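So the structure is just underneath, and the comments pick up after that.
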Amino acid sequence: MKYAIIIPDGAADDPLPQLGGKTPLEVAHTPNMDRVALEGRQGTARTVPEGFESGSDVATMCLLGYDPKVFHTGRAPLEAAAQQIPLAPTDWVFRCNLVTTADGVMKDHSAGGISNAEAQKLINELARDLDLPGFEFYTGVSYRNLLVYRGSEQFDVSTKPPHEIPEEQLSKWVPRGKGSEILRKIMDRSRELYAKHEINEVRRDNNLNPATQVWLWGQGHAPNMPKFADKFGVQRGCMITGVDLLRGLAVLMGWDVKEVDGMTSFHDTNYAGQGEATAAMLDQYDIVLSHVEAPDEASHQADVRTKIASIEAIDKHVVGPVLKKLQTFPEWRLLVLPDHPTNIATRKHGYAPTCFAMAGTRVRSVLQKPYSEKNAASSDLRIENGHELMEYFLRGGNM
Ligand SMILES: [Zn+2]
């Protein structure tokens, strides 16, 4: 049996007035996703349990069969795993975004999708300038950097993901609680240091959002997750993704990570290369997960045209080739689902249960309708505990 999972991150949405009351997923031309839904079944799964912030860390962990209530310790520890950063059980990890702020308001959680080279320079200069004992900065992909703390300070802080507070006052959401003073100090110092930085001067000249400061959030200790093979009995797993968060989940689950040239988290990504690689990995692995971040980023920018284009590109270049490849195996199953909705109207992650479509061996066709949020919601297949979806998928739609 070969299993494939394709995640168009944040593709689900609400009906939009500018689309005549349709969602981007409904408007997008997606013959392959529709085929999965028509030949198989669709339904909804609550991948963000109550009390959790909606995000790919929680939602992807959940859809992979790990209950976030048990295993989620924060977003940053997952990304630390991706970077193979060794963590003692008492160490803390924080996500350290480069963001764009203006007049005390959060403008862009990604600092205009800043380049790796620019991000590295800014983060390294901040680290040198602060020279704080116990704190180590690690640069990642674009605006996604990490701050590790190995020391005796105990944190009990509330923080806020910057992509959840577009156009909101920073003062309302800066870290608060025990140990937060040092975090605020780091953020304040970055703002001073970056204010007149030459990298930002050039970015402003080129009409790109500058990196005005770092924003700390997503903190936690290292999680302790059982291997996927031990939990589900499916042996060899492979993850293909452009983001560290999912690479980290792969490492913690005992899966390999396959890199693809030109794969990014934006619409400029190499969709075709990712589709080819996903199909090819099915020869070597029992389960392959292919994750595309682009629809999520387009939603955060409220860019509805790019969102639709990215969904269409995933359908054509990833779902299509993977579906074709799967059919060369005697037994196979495919699951397509956004990890969570990301809403154009709010530019934030949504909390509605996500819509999934699955097809393949022993998956009976139930509802003959194309893939969409509305059609999935009209199905009586509603998985309230999202972490039960994986078992359901692996067993071919039999609980
Ligand atoms: Zn997002």
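By convention here, the chains of the structure tokens are called A, B, ... in the order presented, each chain's residues are numbered starting at 1, and ligands are numbered starting at 1 in the order presented.
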Close residues, A:Lys258 itself excluded, 9 Å, only C-alpha atoms, min 6 positions apart in chain, as a VMD selection string | chain A and resid 238 to 241 277 to 278 281
Name each residue within 10 Å of ligand 1, counting only C-alpha atoms and all ligand atoms, as a count of residues only.
-> 27
May I have the residues within 12 Å of A:Asn270 as a list in words, using only C-alpha atoms and disregarding those fewer than 5 positions away in the same chain?
-> Thr241, Gly242, Glu259, Val260, Asp261, Gly262, Met263, Thr264, Ser265, Gly275, Glu276, Ala277, Val292, Glu293, Ala294, Ser310, Ala313, Ile314, His317 and Val318 of chain A
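For A:Thr212, the non-local neighbours within 9 Å, defined as residues at least 2 positions apart in the same chain or in other chains and counting only C-alpha atoms, are Leu98, Val99, Thr100, Thr101, Ala102, Ala111, Ser190, Arg191, Glu192, Leu193, Tyr194, Ala195, Asn200, Asn209, Pro210 and Val214 of chain A.
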Enumerate the residues of stretch 141-335 of chain A with a DSSP assignment of strand (DSSP E or B), computed from the backbone, and present them as a PyMOL selection string.
-> chain A and resi 141+144-149+156-158+169+176-178+213-220+237-240+256-257+287-292+332-335
How about saving the chosen residues, N, CA and C atoms kept, as a short mmCIF file (atom, residue, chain, number, x, y, z; two decimals), in the first residue's frame?
data_model
loop_
_atom_site.label_atom_id
_atom_site.label_comp_id
_atom_site.auth_asym_id
_atom_site.auth_seq_id
_atom_site.Cartn_x
_atom_site.Cartn_y
_atom_site.Cartn_z
N VAL A 141 14.71 30.00 7.23
CA VAL A 141 14.31 30.36 5.88
C VAL A 141 13.61 31.72 5.94
N ARG A 144 11.90 33.50 9.05
CA ARG A 144 11.66 32.53 10.12
C ARG A 144 12.97 32.14 10.81
N ASN A 145 13.30 32.84 11.88
CA ASN A 145 14.52 32.55 12.63
C ASN A 145 14.16 32.07 14.02
N LEU A 146 15.15 31.54 14.73
CA LEU A 146 14.91 30.99 16.06
C LEU A 146 15.85 31.60 17.08
N LEU A 147 15.37 31.64 18.30
CA LEU A 147 16.18 32.07 19.43
C LEU A 147 16.11 30.95 20.48
N VAL A 148 17.27 30.40 20.82
CA VAL A 148 17.33 29.33 21.82
C VAL A 148 17.88 29.90 23.12
N TYR A 149 17.28 29.51 24.23
CA TYR A 149 17.77 29.94 25.53
C TYR A 149 18.18 28.73 26.36
N ASP A 156 7.26 32.04 31.82
CA ASP A 156 5.82 31.75 31.81
C ASP A 156 5.17 32.94 31.13
N VAL A 157 5.32 32.97 29.80
CA VAL A 157 4.95 34.18 29.06
C VAL A 157 3.85 33.90 28.05
N SER A 158 3.05 34.92 27.82
CA SER A 158 2.09 34.84 26.71
C SER A 158 2.67 35.65 25.56
N GLN A 169 -2.21 47.06 17.19
CA GLN A 169 -1.21 47.74 18.02
C GLN A 169 -0.24 46.73 18.62
N ARG A 176 4.27 39.08 27.57
CA ARG A 176 3.95 39.48 28.95
C ARG A 176 4.14 38.26 29.84
N GLY A 177 4.34 38.54 31.13
CA GLY A 177 4.44 37.45 32.09
C GLY A 177 5.86 37.26 32.58
N LYS A 178 6.03 36.17 33.34
CA LYS A 178 7.30 35.89 34.00
C LYS A 178 8.41 35.65 32.97
N GLN A 213 12.03 45.07 12.95
CA GLN A 213 12.38 44.51 14.25
C GLN A 213 12.18 42.99 14.25
N VAL A 214 12.62 42.34 15.33
CA VAL A 214 12.28 40.93 15.51
C VAL A 214 11.04 40.85 16.41
N TRP A 215 10.31 39.73 16.27
CA TRP A 215 9.11 39.51 17.07
C TRP A 215 9.20 38.08 17.63
N LEU A 216 9.18 37.96 18.95
CA LEU A 216 9.39 36.66 19.59
C LEU A 216 8.06 36.03 19.99
N TRP A 217 7.91 34.74 19.69
CA TRP A 217 6.64 34.03 19.96
C TRP A 217 6.86 32.52 19.77
N GLY A 218 5.80 31.73 20.01
CA GLY A 218 5.83 30.30 19.69
C GLY A 218 6.77 29.48 20.56
N GLN A 219 7.04 29.95 21.78
CA GLN A 219 8.08 29.33 22.63
C GLN A 219 7.65 27.99 23.20
N GLY A 220 8.64 27.18 23.53
CA GLY A 220 8.37 25.90 24.19
C GLY A 220 9.63 25.08 24.38
N GLY A 237 8.52 6.86 5.86
CA GLY A 237 7.81 8.09 5.55
C GLY A 237 8.73 9.16 5.01
N CYS A 238 8.19 10.00 4.14
CA CYS A 238 8.98 11.08 3.54
C CYS A 238 8.18 12.37 3.52
N MET A 239 8.83 13.46 3.87
CA MET A 239 8.19 14.79 3.89
C MET A 239 8.83 15.67 2.83
N ILE A 240 7.98 16.34 2.03
CA ILE A 240 8.47 17.32 1.06
C ILE A 240 7.79 18.65 1.36
N ASP A 256 12.07 10.80 6.67
CA ASP A 256 13.10 11.51 5.92
C ASP A 256 12.51 12.78 5.34
N VAL A 257 13.38 13.72 5.03
CA VAL A 257 12.97 14.96 4.38
C VAL A 257 13.63 15.02 3.02
N ILE A 287 4.79 6.12 2.70
CA ILE A 287 3.91 7.28 2.82
C ILE A 287 4.72 8.54 2.53
N VAL A 288 4.16 9.40 1.67
CA VAL A 288 4.83 10.64 1.29
C VAL A 288 3.87 11.80 1.52
N LEU A 289 4.34 12.82 2.23
CA LEU A 289 3.53 14.02 2.45
C LEU A 289 4.16 15.17 1.68
N SER A 290 3.35 15.83 0.84
CA SER A 290 3.83 16.96 0.06
C SER A 290 3.05 18.19 0.47
N HIS A 291 3.75 19.16 0.99
CA HIS A 291 3.12 20.36 1.57
C HIS A 291 3.52 21.59 0.76
N VAL A 292 2.53 22.40 0.36
CA VAL A 292 2.81 23.62 -0.40
C VAL A 292 2.26 24.82 0.38
N TRP A 332 -3.26 1.83 -3.20
CA TRP A 332 -2.83 3.20 -2.88
C TRP A 332 -3.99 3.97 -2.27
N ARG A 333 -3.62 5.08 -1.63
CA ARG A 333 -4.64 5.97 -1.10
C ARG A 333 -4.08 7.39 -1.07
N LEU A 334 -4.91 8.35 -1.40
CA LEU A 334 -4.49 9.76 -1.45
C LEU A 334 -5.42 10.61 -0.59
N LEU A 335 -4.81 11.49 0.18
CA LEU A 335 -5.55 12.44 1.02
C LEU A 335 -5.12 13.86 0.64
#
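With distances restricted to only C-alpha atoms, A:Leu246 is the closest residue to A:Ala59 from A:Leu282, A:Ala117, A:Leu326, A:Leu246.
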Write out as a ChimeraX atom specification the residues lying within 10 Å of stretch 43-47 of chain A, counting only C-alpha atoms and excluding same-chain residues fewer than 2 positions away.
-> /A:37,41,49-50,52,54-56,58-65,67-68,337-340,351-358,367,371-389
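Atom to atom, atom CA of A:Asp244 and atom CA of A:Glu125 stand 22.5 Å apart.
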